[in-house]
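Participant: run.txt is the file, holding compact mmCIF, C-alpha atoms and all ligand atoms:
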```
# COMPACT_ATOMS: atom_id res chain seq x y z
CA MET R 14 202.14 127.61 188.10
CA LYS R 15 199.29 125.12 188.31
CA VAL R 16 197.96 124.28 184.85
CA LEU R 17 194.93 122.27 183.75
CA ILE R 18 194.84 121.28 180.07
CA THR R 19 191.62 119.61 178.97
CA GLY R 20 191.98 116.83 176.42
CA SER R 21 195.68 116.38 177.09
CA THR R 22 196.09 112.63 176.65
CA GLN R 23 197.04 112.98 172.97
CA GLY R 24 197.59 115.38 170.10
CA ILE R 25 197.91 119.11 170.71
CA GLY R 26 196.83 118.89 174.36
CA LYS R 27 199.54 116.35 175.18
CA ALA R 28 202.21 118.43 173.42
CA MET R 29 201.16 121.47 175.47
CA ALA R 30 201.18 119.42 178.68
CA GLU R 31 204.72 118.19 177.96
CA ALA R 32 205.90 121.76 177.33
CA PHE R 33 204.38 123.12 180.54
CA VAL R 34 205.96 120.25 182.50
CA ARG R 35 209.35 121.03 180.90
CA ARG R 36 208.87 124.66 182.00
CA GLY R 37 208.49 123.45 185.58
CA ASP R 38 204.74 123.86 185.95
CA GLU R 39 202.42 121.64 187.94
CA VAL R 40 200.32 120.13 185.15
CA ILE R 41 197.07 118.19 185.37
CA VAL R 42 196.32 115.87 182.46
CA HIS R 43 192.66 115.37 181.53
CA CYS R 44 190.56 113.21 179.22
CA SER R 45 186.91 112.15 179.03
CA ARG R 46 186.64 108.71 180.66
CA ASP R 47 189.79 106.59 180.59
CA LEU R 48 191.56 107.43 183.88
CA GLU R 49 194.23 104.78 183.25
CA LYS R 50 195.16 106.50 180.00
CA ALA R 51 195.32 109.90 181.70
CA GLU R 52 197.50 108.46 184.47
CA ARG R 53 199.75 106.72 181.94
CA VAL R 54 200.28 109.97 180.03
CA ALA R 55 200.81 111.92 183.26
CA ASN R 56 203.49 109.42 184.36
CA GLU R 57 205.11 109.43 180.93
CA ILE R 58 205.51 113.21 180.80
CA GLY R 59 206.00 113.87 184.52
CA ALA R 60 202.72 115.67 185.12
CA ALA R 61 201.47 116.25 188.66
CA GLY R 62 198.05 114.65 188.24
CA ALA R 63 195.45 113.02 186.02
CA VAL R 64 191.67 113.46 186.00
CA THR R 65 188.68 112.52 183.88
CA ALA R 66 185.44 114.36 183.09
CA ASP R 67 183.24 113.84 180.08
CA LEU R 68 182.64 117.41 178.97
CA SER R 69 179.48 116.45 177.09
CA ASP R 70 177.95 115.82 180.53
CA LEU R 71 177.11 118.90 182.59
CA SER R 72 177.46 117.30 186.04
CA GLU R 73 180.85 115.78 185.12
CA THR R 74 181.97 119.16 183.79
CA VAL R 75 180.99 120.85 187.05
CA ALA R 76 182.65 118.07 189.09
CA LEU R 77 185.98 118.68 187.34
CA TYR R 78 186.64 121.78 189.44
CA GLY R 79 186.25 119.72 192.61
CA LYS R 80 188.84 117.24 191.31
CA THR R 81 191.51 119.83 190.48
CA GLY R 82 190.84 122.84 192.68
CA ALA R 83 191.84 126.30 191.49
CA VAL R 84 194.50 126.66 188.78
CA ASP R 85 196.60 129.54 187.48
CA CYS R 86 196.31 128.53 183.82
CA LEU R 87 193.22 126.96 182.31
CA ILE R 88 193.79 125.61 178.79
CA LEU R 89 190.48 124.60 177.20
CA ASN R 90 191.66 122.27 174.46
CA ALA R 91 189.25 119.30 174.40
CA SER R 92 186.72 119.34 171.59
CA VAL R 93 184.67 117.07 169.38
CA GLN R 94 183.71 117.32 165.74
CA GLN R 95 181.19 115.43 163.67
CA LYS R 96 181.88 115.50 159.97
CA GLU R 97 178.63 115.95 158.09
CA CYS R 98 176.99 118.24 155.58
CA TRP R 99 175.15 121.11 157.29
CA GLU R 100 171.87 119.78 155.86
CA ASP R 101 172.29 116.57 157.89
CA ILE R 102 173.06 118.09 161.31
CA ASP R 103 170.46 116.65 163.68
CA ASP R 104 169.59 117.59 167.27
CA GLU R 105 171.90 114.95 168.73
CA SER R 106 174.94 116.06 166.75
CA PHE R 107 174.13 119.72 167.45
CA ALA R 108 173.84 119.11 171.21
CA TRP R 109 176.99 117.00 171.40
CA GLN R 110 179.19 119.55 169.65
CA ILE R 111 177.63 122.55 171.41
CA ASN R 112 177.89 120.91 174.82
CA VAL R 113 181.50 119.76 174.59
CA ASN R 114 182.88 122.70 172.65
CA LEU R 115 180.86 125.68 173.89
CA ARG R 116 178.86 124.85 177.04
CA SER R 117 181.83 123.25 178.82
CA THR R 118 183.99 126.25 177.88
CA LEU R 119 181.54 128.63 179.53
CA LYS R 120 181.02 126.35 182.55
CA LEU R 121 184.74 125.82 183.15
CA MET R 122 185.45 129.55 182.80
CA GLN R 123 182.69 130.25 185.34
CA LEU R 124 184.10 127.65 187.74
CA TYR R 125 187.80 128.53 187.52
CA TYR R 126 187.58 132.31 187.07
CA PRO R 127 186.49 133.38 190.60
CA ALA R 128 189.71 132.12 192.24
CA MET R 129 191.78 133.76 189.49
CA LYS R 130 189.92 137.03 190.02
CA ALA R 131 190.40 136.82 193.79
CA ALA R 132 194.13 136.14 193.29
CA GLY R 133 194.50 138.98 190.79
CA PHE R 134 196.11 136.61 188.29
CA GLY R 135 194.91 134.05 185.79
CA ARG R 136 195.46 132.79 182.25
CA ILE R 137 192.67 131.25 180.21
CA VAL R 138 193.42 129.96 176.70
CA THR R 139 190.84 128.32 174.46
CA ILE R 140 191.89 126.25 171.47
CA GLY R 141 189.94 127.26 168.39
CA SER R 142 190.39 126.33 164.76
CA VAL R 143 191.22 127.72 161.34
CA ASN R 144 187.63 126.66 160.59
CA GLN R 145 186.59 129.91 162.30
CA TYR R 146 187.78 131.51 159.05
CA ARG R 147 187.34 128.82 156.38
CA GLN R 148 184.31 126.96 155.14
CA HIS R 149 184.63 123.17 155.16
CA PRO R 150 181.87 121.10 153.52
CA GLU R 151 181.48 118.86 156.58
CA LEU R 152 182.49 121.02 159.53
CA GLY R 153 179.86 123.76 159.64
CA MET R 154 178.60 122.96 163.13
CA TYR R 155 182.10 122.48 164.52
CA ALA R 156 183.11 125.83 163.01
CA ALA R 157 180.05 127.49 164.55
CA THR R 158 181.02 126.25 168.02
CA LYS R 159 184.58 127.54 167.57
CA CYS R 160 183.31 130.96 166.41
CA ALA R 161 181.01 131.11 169.43
CA VAL R 162 183.92 130.31 171.75
CA LEU R 163 185.98 133.10 170.19
CA SER R 164 183.13 135.55 170.76
CA LEU R 165 182.89 134.41 174.38
CA VAL R 166 186.65 134.82 174.79
CA LYS R 167 186.52 138.44 173.61
CA ASN R 168 183.63 139.27 175.93
CA VAL R 169 185.08 137.59 179.00
CA ALA R 170 188.53 139.04 178.27
CA LYS R 171 187.22 142.61 178.39
CA PHE R 172 185.61 142.19 181.79
CA ALA R 173 188.33 139.97 183.31
CA ALA R 174 191.16 142.32 182.32
CA PRO R 175 190.89 144.63 185.36
CA TYR R 176 191.46 141.61 187.60
CA GLY R 177 194.72 140.43 186.04
CA VAL R 178 193.10 137.56 184.14
CA THR R 179 193.84 137.28 180.42
CA VAL R 180 191.63 135.29 178.08
CA ASN R 181 192.79 134.36 174.59
CA ASN R 182 192.09 131.91 171.77
CA VAL R 183 194.72 130.00 169.81
CA ALA R 184 193.46 128.65 166.47
CA PRO R 185 195.39 125.79 164.85
CA GLY R 186 195.21 124.88 161.19
CA ALA R 187 195.57 121.29 159.98
CA ILE R 188 197.70 119.53 162.60
CA GLU R 189 198.90 115.91 162.55
CA THR R 190 197.10 114.37 165.54
CA PRO R 191 195.10 111.17 166.12
CA ARG R 192 192.01 113.15 165.11
CA ASN R 193 193.35 113.45 161.57
CA ALA R 194 194.93 109.99 161.38
CA ASP R 195 192.57 108.82 158.62
CA VAL R 196 193.54 111.80 156.44
CA THR R 197 197.29 111.77 157.09
CA ALA R 198 197.47 107.99 156.52
CA ASP R 199 196.03 108.37 153.02
CA PRO R 200 198.63 109.95 150.67
CA ALA R 201 196.03 111.38 148.28
CA MET R 202 193.90 112.90 151.04
CA LYS R 203 196.99 114.23 152.78
CA ALA R 204 198.25 115.87 149.58
CA ALA R 205 194.83 117.45 148.98
CA VAL R 206 194.96 119.14 152.39
CA GLU R 207 198.62 120.16 151.99
CA ALA R 208 197.72 121.83 148.69
CA GLN R 209 195.53 124.25 150.70
CA ILE R 210 198.37 125.22 153.06
CA PRO R 211 200.79 127.90 151.81
CA MET R 212 203.60 126.32 153.86
CA GLY R 213 202.82 123.03 152.11
CA ARG R 214 202.69 120.80 155.16
CA PHE R 215 200.52 119.76 158.08
CA GLY R 216 201.48 121.36 161.36
CA LEU R 217 202.82 119.26 164.22
CA PRO R 218 201.30 119.43 167.71
CA GLN R 219 204.53 121.13 168.84
CA ASP R 220 203.84 123.99 166.39
CA CYS R 221 200.91 125.02 168.59
CA VAL R 222 202.83 125.03 171.85
CA GLY R 223 204.86 128.24 171.68
CA ALA R 224 201.89 130.59 171.44
CA VAL R 225 200.15 129.02 174.43
CA LEU R 226 203.32 129.04 176.54
CA MET R 227 203.88 132.68 175.62
CA LEU R 228 200.33 133.66 176.58
CA CYS R 229 200.91 131.97 179.94
CA SER R 230 204.23 133.70 180.57
CA GLU R 231 205.38 137.23 181.40
CA ALA R 232 205.71 137.87 177.65
CA GLY R 233 201.93 137.51 177.32
CA ALA R 234 201.02 139.73 180.26
CA TYR R 235 199.52 142.51 178.09
CA ILE R 236 197.77 140.27 175.53
CA THR R 237 194.07 139.59 176.02
CA GLY R 238 190.98 138.98 173.92
CA THR R 239 192.99 138.00 170.88
CA ASP R 240 193.04 135.10 168.43
CA MET R 241 196.43 133.66 167.47
CA ILE R 242 196.20 131.61 164.29
CA ILE R 243 198.77 128.85 163.83
CA ASP R 244 198.03 127.45 160.41
CA GLY R 245 200.97 127.76 158.03
CA GLY R 246 198.90 130.41 156.24
CA MET R 247 195.93 128.10 155.58
CA ARG R 248 193.33 130.78 156.31
CA LEU R 249 194.78 133.19 153.71
N1 LIG O 1 194.15 118.42 164.78
C1 LIG O 1 193.80 119.46 164.04
O1 LIG O 1 194.06 119.49 162.81
C2 LIG O 1 193.11 120.64 164.64
C3 LIG O 1 192.84 121.74 163.82
C4 LIG O 1 192.21 122.85 164.35
C5 LIG O 1 191.85 122.86 165.69
N2 LIG O 1 192.10 121.77 166.46
C6 LIG O 1 191.68 121.84 167.84
O2 LIG O 1 192.76 121.52 168.69
C7 LIG O 1 192.28 120.85 169.86
C8 LIG O 1 192.99 119.53 170.02
O3 LIG O 1 192.84 118.78 168.83
P1 LIG O 1 193.56 117.36 168.62
O4 LIG O 1 193.56 117.12 167.16
O5 LIG O 1 194.82 117.33 169.40
O6 LIG O 1 192.45 116.41 169.31
P2 LIG O 1 192.37 114.84 169.51
O7 LIG O 1 193.60 114.15 169.03
O8 LIG O 1 191.06 114.42 168.94
O9 LIG O 1 192.31 114.72 171.11
C9 LIG O 1 191.21 115.25 171.76
C10 LIG O 1 191.40 115.26 173.25
O10 LIG O 1 190.19 115.80 173.81
C11 LIG O 1 189.59 114.84 174.67
N3 LIG O 1 188.14 114.83 174.55
C12 LIG O 1 187.40 114.56 173.45
N4 LIG O 1 186.09 114.55 173.75
C13 LIG O 1 186.00 114.82 175.07
C14 LIG O 1 184.92 114.92 175.98
N5 LIG O 1 183.64 114.73 175.61
N6 LIG O 1 185.18 115.20 177.27
C15 LIG O 1 186.46 115.37 177.69
N7 LIG O 1 187.52 115.28 176.88
C16 LIG O 1 187.30 115.00 175.57
C17 LIG O 1 190.17 113.51 174.23
O11 LIG O 1 190.07 112.59 175.31
P3 LIG O 1 189.32 111.17 175.12
O12 LIG O 1 190.27 110.32 174.36
O13 LIG O 1 189.06 110.72 176.48
O14 LIG O 1 188.06 111.46 174.34
C18 LIG O 1 191.59 113.87 173.84
O15 LIG O 1 192.40 113.94 174.98
C19 LIG O 1 190.77 120.72 169.67
O16 LIG O 1 190.10 121.77 170.30
C20 LIG O 1 190.58 120.85 168.17
O17 LIG O 1 189.30 121.33 167.83
C21 LIG O 1 192.71 120.67 165.97
```
What's the structure tokens form of this structure?
Ligand SMILES: NC(=O)c1ccc[n+]([C@@H]2O[C@H](COP(=O)([O-])OP(=O)(O)OC[C@H]3O[C@@H](n4cnc5c(N)ncnc54)[C@H](OP(=O)(O)O)[C@@H]3O)[C@@H](O)[C@H]2O)c1
Facilitator:
Amino acid sequence: MKVLITGSTQGIGKAMAEAFVRRGDEVIVHCSRDLEKAERVANEIGAAGAVTADLSDLSETVALYGKTGAVDCLILNASVQQKECWEDIDDESFAWQINVNLRSTLKLMQLYYPAMKAAGFGRIVTIGSVNQYRQHPELGMYAATKCAVLSLVKNVAKFAAPYGVTVNNVAPGAIETPRNADVTADPAMKAAVEAQIPMGRFGLPQDCVGAVLMLCSEAGAYITGTDMIIDGGMRL
């Protein structure tokens, strides 16, 4: 299958890309601007291609479809987050997080869905967050975008189902990726997060891979409009 994974030059996206390549899929690696980095990662893991598109920019988001063409599996993993108290969220921060996390999700679904519908087969997976369910003092806006994406997933899933296209969300908990490097590098901060996780540890990017692979395999054929939470119990 042909698979596009947004934000796949590092972290969870890269782990998913590696797993799809191992499965024998034709994978396209994506990041915002650094094409050399995307190509380096694609070469390293044996992916079929590398593309860039800054998903905060509407025209670049729309142009992404022209760069990849239709795909069988669309994994919408790229996101941004700005840590700040909800009282400090300004228009710029609001627009940035809404545009990358929510607007690009809608746009890319609109662009890639018609070919899936025409083919009678497609898999769309969005990557959410445990913050859909938990309240973090500095991630209110980020959480709001992830909740909005989940709502969109459920709506699109219902109306895409008759055409063989499944749409699901996979919500990681605290995962050791470059995004969290400042926290995981500080023993006290790391321990404070681990204390909130019933399994007592951060997840690894690989922990998020199985659910996405399953949703994009025969085993996931009858699963749509759902939210799979991979968090070591953190939301409980
Ligand atoms: N790590 C966690 O603890 C955790 C927890 C819950 C949910 N998640 C979710 O899991 C997903 C992956 O997280 P991660 O920690 O692996 O992320 P990460 O290490 O921060 O990597 C993010 C990826 O997204 C790309 N990206 C960022 N901004 C972009 C933009 N404007 N346009 C296009 N691409 C952009 C990055 O490419 P560039 O380098 O080019 O920017 C990079 O490839 C995200 O949706 C995140 O919200 C993560």
Participant: Tell me, as a list in words, which residues lie within 8 Å of Leu228 in chain R, counting only C-alpha atoms; anything in the same chain fewer than 6 positions away does not count.
Facilitator: Arg136, Val138, Asn181, Ala234 and Ile236 of chain R
Participant: Go through R:Ala174, R:Leu17, R:Met227, R:Ala91 one by one, measure the shortest atom-to-atom distance of each to ligand LIG 1 (chain O) using all atoms listed in the file, and give the residue with the smallest value.
Facilitator: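 Among the listed residues, the smallest separation from ligand LIG 1 (chain O) belongs to R:Ala91.
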Participant: I need the residue nearest Asp220 in chain R from this list: R:Ala187, R:Ala198, R:Val54, R:Cys98. Use only C-alpha atoms for the distance.
Facilitator: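 Of R:Ala187, R:Ala198, R:Val54, R:Cys98, the one nearest Asp220 in chain R is R:Ala187, counting only C-alpha atoms.
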Participant: Taking all atoms listed in the file into account, name the residue in R:Ala232, R:Ala170, R:Met241, R:Val143 that is nearest to Gln209 in chain R.
Facilitator: R:Val143
Participant: With all atoms listed in the file as the counted atoms, please give the residues lying no more than 9 Å from Asn144 in chain R, apart from itself and same-chain residues fewer than 4 positions off, as an mmCIF file with C-alpha atoms, in the frame of the given file.
Facilitator:
```
data_model
loop_
_atom_site.group_PDB
_atom_site.id
_atom_site.type_symbol
_atom_site.label_atom_id
_atom_site.label_comp_id
_atom_site.auth_asym_id
_atom_site.auth_seq_id
_atom_site.Cartn_x
_atom_site.Cartn_y
_atom_site.Cartn_z
ATOM 1 C CA GLN R 148 184.310 126.960 155.140
ATOM 2 C CA HIS R 149 184.630 123.170 155.160
ATOM 3 C CA LEU R 152 182.490 121.020 159.530
ATOM 4 C CA GLY R 153 179.860 123.760 159.640
ATOM 5 C CA TYR R 155 182.100 122.480 164.520
ATOM 6 C CA ALA R 156 183.110 125.830 163.010
ATOM 7 C CA ALA R 157 180.050 127.490 164.550
ATOM 8 C CA LYS R 159 184.580 127.540 167.570
ATOM 9 C CA CYS R 160 183.310 130.960 166.410
ATOM 10 C CA ALA R 184 193.460 128.650 166.470
ATOM 11 C CA PRO R 185 195.390 125.790 164.850
ATOM 12 C CA GLY R 186 195.210 124.880 161.190
ATOM 13 C CA ARG R 248 193.330 130.780 156.310
#
```
Participant: Find the distance between CA of Ser92 in chain R and CA of Ala204 in chain R and write it in Å to one decimal.
Facilitator: 25.1 Å
Participant: Report as a Markdown table the residues of chain R within 6 Å of ligand LIG 1 (chain O), each with its shortest atom pair and distance in Å (one decimal), using only C-alpha atoms and all ligand atoms, ordered by chain and increasing residue number.
Facilitator:
```
| residue | atom | partner | partner_atom | distance |
| --- | --- | --- | --- | --- |
| R:Gly20 | CA | O:LIG1 | O15 | 3.3 |
| R:Ser21 | CA | O:LIG1 | O15 | 4.6 |
| R:Thr22 | CA | O:LIG1 | O15 | 4.3 |
| R:Gln23 | CA | O:LIG1 | O15 | 5.1 |
| R:Gly24 | CA | O:LIG1 | O5 | 3.5 |
| R:Ile25 | CA | O:LIG1 | O5 | 3.8 |
| R:Gly26 | CA | O:LIG1 | O5 | 5.6 |
| R:Cys44 | CA | O:LIG1 | O11 | 4.0 |
| R:Ser45 | CA | O:LIG1 | C15 | 3.5 |
| R:Arg46 | CA | O:LIG1 | O13 | 5.2 |
| R:Asp47 | CA | O:LIG1 | O13 | 5.9 |
| R:Ala66 | CA | O:LIG1 | C15 | 5.6 |
| R:Asp67 | CA | O:LIG1 | N6 | 3.7 |
| R:Leu68 | CA | O:LIG1 | N6 | 3.8 |
| R:Ser69 | CA | O:LIG1 | N5 | 4.7 |
| R:Asn90 | CA | O:LIG1 | O16 | 4.5 |
| R:Ala91 | CA | O:LIG1 | O10 | 3.7 |
| R:Ser92 | CA | O:LIG1 | O16 | 4.4 |
| R:Val93 | CA | O:LIG1 | N4 | 5.2 |
| R:Val113 | CA | O:LIG1 | N5 | 5.6 |
| R:Ile140 | CA | O:LIG1 | O16 | 5.0 |
| R:Gly141 | CA | O:LIG1 | C5 | 5.5 |
| R:Ser142 | CA | O:LIG1 | C5 | 3.9 |
| R:Val143 | CA | O:LIG1 | C4 | 5.8 |
| R:Pro185 | CA | O:LIG1 | C4 | 4.4 |
| R:Gly186 | CA | O:LIG1 | C3 | 4.7 |
| R:Ala187 | CA | O:LIG1 | O1 | 3.7 |
| R:Ile188 | CA | O:LIG1 | O1 | 3.6 |
| R:Glu189 | CA | O:LIG1 | N1 | 5.8 |
| R:Thr190 | CA | O:LIG1 | O4 | 4.8 |
| R:Pro191 | CA | O:LIG1 | O7 | 4.4 |
| R:Arg192 | CA | O:LIG1 | O8 | 4.1 |
| R:Asn193 | CA | O:LIG1 | N1 | 6.0 |
```
Participant: From the list R:Pro150, R:Gly82, R:Pro218, R:Pro127, which residue is nearest Glu100 in chain R when using all atoms listed in the file?
Facilitator: R:Pro150
Participant: Counting only C-alpha atoms, figure out which residue out of R:Ser72, R:Tyr176, R:Val169, R:Asp38 gets nearest to Ser117 in chain R.
Facilitator: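 Looking at the shortest contact to Ser117 in chain R, the residue is R:Ser72.
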Participant: Please determine, counting all atoms listed in the file, which residue among R:Met247, R:Ala131, R:Ala55, R:Ile111 has the shortest atom-to-atom distance to Val42 in chain R.
Facilitator: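 Using all atoms listed in the file, Val42 in chain R sits closest to R:Ala55.
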Participant: Would you mind writing range 78-97 of chain R with N, CA and C atoms, as a CSV table (one decimal), in the coordinates of the input?
Facilitator:
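As written to disk, out_28.csv reads:
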```
chain,number,residue,atom,x,y,z
R,78,TYR,N,186.0,120.8,188.6
R,78,TYR,CA,186.6,121.8,189.4
R,78,TYR,C,187.0,121.2,190.8
R,79,GLY,N,186.0,120.4,191.3
R,79,GLY,CA,186.2,119.7,192.6
R,79,GLY,C,187.4,118.8,192.6
R,80,LYS,N,187.7,118.2,191.4
R,80,LYS,CA,188.8,117.2,191.3
R,80,LYS,C,190.2,117.9,191.2
R,81,THR,N,190.2,119.2,190.7
R,81,THR,CA,191.5,119.8,190.5
R,81,THR,C,191.7,121.0,191.5
R,82,GLY,N,190.7,121.6,191.9
R,82,GLY,CA,190.8,122.8,192.7
R,82,GLY,C,191.2,124.0,191.7
R,83,ALA,N,191.5,125.1,192.3
R,83,ALA,CA,191.8,126.3,191.5
R,83,ALA,C,193.1,126.1,190.7
R,84,VAL,N,193.3,126.7,189.6
R,84,VAL,CA,194.5,126.7,188.8
R,84,VAL,C,194.9,128.1,188.4
R,85,ASP,N,196.1,128.2,188.0
R,85,ASP,CA,196.6,129.5,187.5
R,85,ASP,C,196.3,129.7,186.0
R,86,CYS,N,196.5,128.5,185.3
R,86,CYS,CA,196.3,128.5,183.8
R,86,CYS,C,195.3,127.5,183.4
R,87,LEU,N,194.3,127.9,182.8
R,87,LEU,CA,193.2,127.0,182.3
R,87,LEU,C,193.3,126.9,180.8
R,88,ILE,N,193.7,125.8,180.2
R,88,ILE,CA,193.8,125.6,178.8
R,88,ILE,C,192.7,124.7,178.3
R,89,LEU,N,191.7,125.3,177.6
R,89,LEU,CA,190.5,124.6,177.2
R,89,LEU,C,190.7,124.1,175.8
R,90,ASN,N,191.2,122.9,175.7
R,90,ASN,CA,191.7,122.3,174.5
R,90,ASN,C,190.7,121.2,173.9
R,91,ALA,N,190.1,120.4,174.8
R,91,ALA,CA,189.2,119.3,174.4
R,91,ALA,C,188.1,119.8,173.5
R,92,SER,N,187.9,119.0,172.4
R,92,SER,CA,186.7,119.3,171.6
R,92,SER,C,186.3,118.1,170.9
R,93,VAL,N,185.1,118.1,170.3
R,93,VAL,CA,184.7,117.1,169.4
R,93,VAL,C,184.2,117.7,168.1
R,94,GLN,N,184.2,116.9,167.0
R,94,GLN,CA,183.7,117.3,165.7
R,94,GLN,C,183.0,116.2,165.0
R,95,GLN,N,181.9,116.4,164.4
R,95,GLN,CA,181.2,115.4,163.7
R,95,GLN,C,181.2,115.9,162.2
R,96,LYS,N,181.8,115.1,161.4
R,96,LYS,CA,181.9,115.5,160.0
R,96,LYS,C,180.6,115.1,159.3
R,97,GLU,N,179.9,116.2,158.8
R,97,GLU,CA,178.6,116.0,158.1
R,97,GLU,C,178.2,117.2,157.4
```
